[in-house]
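Note sheet for the following structure.
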Amino acid sequence: MLLTISTDSSVTSRPATDLGFLLHKHPDRVQEFVQSFGTARVFYPEATERRCTAALLLDVDSVRLARSRGKTAPDFSLGQYVNDRPYAASSLLAVALADVFRTARSGRCAARPELAAAPLPLEIRLPALPCRGGAALAHRLFEPLGWEVAAEAVPLDEGFPEWGDSRYVRLALRGEVRLADALNQLYVLLPVLDDAKHYWLAGDEVDKLVRAGGGWLAGHPEKRLITHRYLGRRRALERTAFARLAELGDDVEEALEPPVDEEVVPERGDGVTGTDGVTGADVSDPEAPAVAEGLNEHVDERTTEHAGEAPHDSPASGTPDGDATGPDAARVPLNVLRRDAVVAAVEELGARTVIDLGCGSGQLLSALLARPAFTRIAGADVSTQALAIAARKLKLDRMPDAKRARLELFQGALTYADPRFAGYDAAVLMEVIEHVDPPRLPALERVVFGSAKPAHVVVTTPNREYNVRYDFLGEGRAMRHPDHRFEWTRAEFAAWARAVADRYGYRVAFRAVGEDDPDVGPPTQMAVFSVAGERSEGDG
């Protein structure tokens, strides 16, 4: 299977061979990259200052591919060896593209940084692309991204035109697009057009989709179809993806390394496209399905917001929620706004030691570690998986000794007293309380405010009134995340916070996080508690 990417200097002042710098592949060499299913080769059929073309040629070894597949793979025995994969662009080409052009997809180029950030006149050609939906679908998927699309159906047999067209198209795309964006769009849309993935679909498929589609998918008119097909009709994965995409602005650039903050319940399906990964039931094939409610997954919501903060995990599940701000909100994701608001509040309180209760994948911990003023930092979570992810993302194994000495990670449940929670200037409950069953909230209050008793406690939680601003919250789904036990209005949150403050000897003040809508308030509400007599932000 073949993919070519060309650029022409006739509309720019730069030599076309700069394409080699952006792809990190030298035009004078043929380079090979071994894949588990074959060999990918990159070469340049033409490379002049006026025009440069890079070609990715994937030679699929059907025998090697068959031997690498598990016993539950969906192909019947003969189909593993006799198929179109050596000739037609598919998910295998997308996998090879992701591997071969990994650095180019990230938008990094030390030699030409300004070029990597700028749109280029590109022409992309795929001579044989499986397209379930025909040429019209290719137009629907690529034209909203700014491409001029030429898609020609390939006849089954040119000698017998009465047989009609095959499911393949010859695709040509032309447009001025940033190269990294073009590669990420191809990575997502090639398997979508083919409507098949030739490898096991795991929980990290959502992370791959959000990384590659973070800058464009949330605003795409066909995002439902794209998500549906890319995730192999796994409704559980789809719901998680929509919750996260709803929080991303269409110009947010978390590069290709955004936080990985989900804990997805293992699917019980057999890996075959067309089954629901939660129930194992057959899934219908709507091309634009509605996003269902209900979802037995725990998503670290601190990662999934449109005007807010970083991912976090819930006390009960190890992963708090994911909201998003409306389409007209500031383009800074809500999870980022929330994280920054928490850090700012803790700094203003003068805290030197901080514990993040329900730390999830550690994005808040990372922000705290970046500030030397915080001399002692701890992260606690009930989920061992979340803590493992946090350790990996914080790069504990490579962290300098002085920085590592400031950080402690440990497992703990917030509804049981634990002496390790005590001794900190400030404690943070960021998008955590809404994951606790209401009858268990008094236990959390006793542990945090009564037993640990830090000088300050910062609590954030969704504002239920703001939910009307979210299009993805359709009728029947009143809350932003399926693991939420409740979501409070501003009055309900204030009543709870004041009662806790009175009961345990604190003062409390309130802040808005995200756009403060004049009618419904902000997407996230924050309470800052200070022990009576300590410096406070003002009474609430």
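Naming scheme: A, B, ... for chains in displayed order of the structure tokens; residues 1 onward per chain; ligands 1 onward as shown.
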Inset, instruction - Run DSSP on the backbone of this structure and report the residues of stretch 7-225 of chain A it assigns to strand (DSSP E), as an MDAnalysis selection string. - result: chainID A and resid 7:8 31:35 38:47 51:60 120:130 148:155 165:177
Inset, instruction - Write down as a count of residues only the residues of stretch 17-235 of chain A whose backbone DSSP state falls under helix (DSSP H, G or I). - result: 85
Inset, instruction - Kindly give the distance, in Å, that separates atom CA of A:Val60 and atom CA of A:Gly38, rounded to a single decimal. - result: 4.4 Å
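Remark: for A:His484, the closest of the candidate residues A:Pro438, A:Arg211, A:Tyr506, A:Tyr470 is A:Pro438 (distances computed over only C-alpha atoms).
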Legend entry - Distance query A:Thr375 at most 10 Å, only C-alpha atoms, self and fewer than 6 positions along chain excluded, as an MDAnalysis selection string: chainID A and resid 351:354 368:369 403 405:407
Inset, instruction - For atom CA of A:Leu409 and atom CA of A:Pro482, determine how far apart the two atoms are, in Å to one decimal place. - result: 26.8 Å
Inset, instruction - Might you pull out every residue within 8 Å of A:Ala427, with only C-alpha atoms counted and same-chain residues fewer than 3 positions away left off, and present them as a PyMOL selection string? - result: chain A and resi 354-357+424+454+456-458
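Using only C-alpha atoms, the smallest distance between any of A:Thr415, A:Thr461, A:Ser9, A:Ser451 and A:Pro439 comes from A:Thr415.
Excluding A:Cys52 itself and same-chain residues fewer than 2 positions from it, the residues having an atom within 10 Å of it are Ile5, Ser6, Thr7, Asp8, Ser9, Pro15, Ala16, Thr17, Asp18, Leu19, Gly20, Pro27, Tyr44, Pro45, Glu46, Ala47, Thr48, Glu49, Arg50 and Ala54 of chain A, counting only C-alpha atoms.
For the pair atom CA of A:Ala491 and atom CA of A:Val448, the interatomic distance is 22.2 Å.
Nearest residue to A:Leu231 among A:Val206, A:Ala345, A:Ala243, A:Ala135 is A:Val206, counting only C-alpha atoms.
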Write out as a PDB file with N, CA and C atoms, in the first residue's frame each polymer residue whose atoms come within 6 Å of A:Ile389, counting only C-alpha atoms; drop sequence neighbours fewer than 3 positions from it.
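Wrote it out as around_1.pdb, contents follow:
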```
ATOM      1  N   SER A 361      -3.845  10.833  37.789  1.00  0.00           N
ATOM      2  CA  SER A 361      -2.628  10.626  37.004  1.00  0.00           C
ATOM      3  C   SER A 361      -1.549  11.656  37.295  1.00  0.00           C
ATOM      4  N   ALA A 386      -4.065   4.252  38.888  1.00  0.00           N
ATOM      5  CA  ALA A 386      -3.868   5.693  38.748  1.00  0.00           C
ATOM      6  C   ALA A 386      -2.507   6.112  39.274  1.00  0.00           C
ATOM      7  N   ARG A 392       4.553   7.044  36.228  1.00  0.00           N
ATOM      8  CA  ARG A 392       5.135   7.015  34.889  1.00  0.00           C
ATOM      9  C   ARG A 392       5.142   8.392  34.256  1.00  0.00           C
TER      10      ARG A 392
END
```
Legend entry - Residues within 8 Å of A:Gln185, only C-alpha atoms, excluding chain neighbours under 4 positions, as a list in words: Asp181, Leu189, Ala212 and Gly213 of chain A
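Nearest to A:Leu429 of all the residues A:Phe242, A:Trp147, A:Phe486, A:Phe449 is A:Phe449, based on only C-alpha atoms.
Counting only C-alpha atoms and comparing A:Leu57, A:Ala452, A:Leu364, A:Leu394, the residue that lies closest to A:Val346 is A:Leu364.
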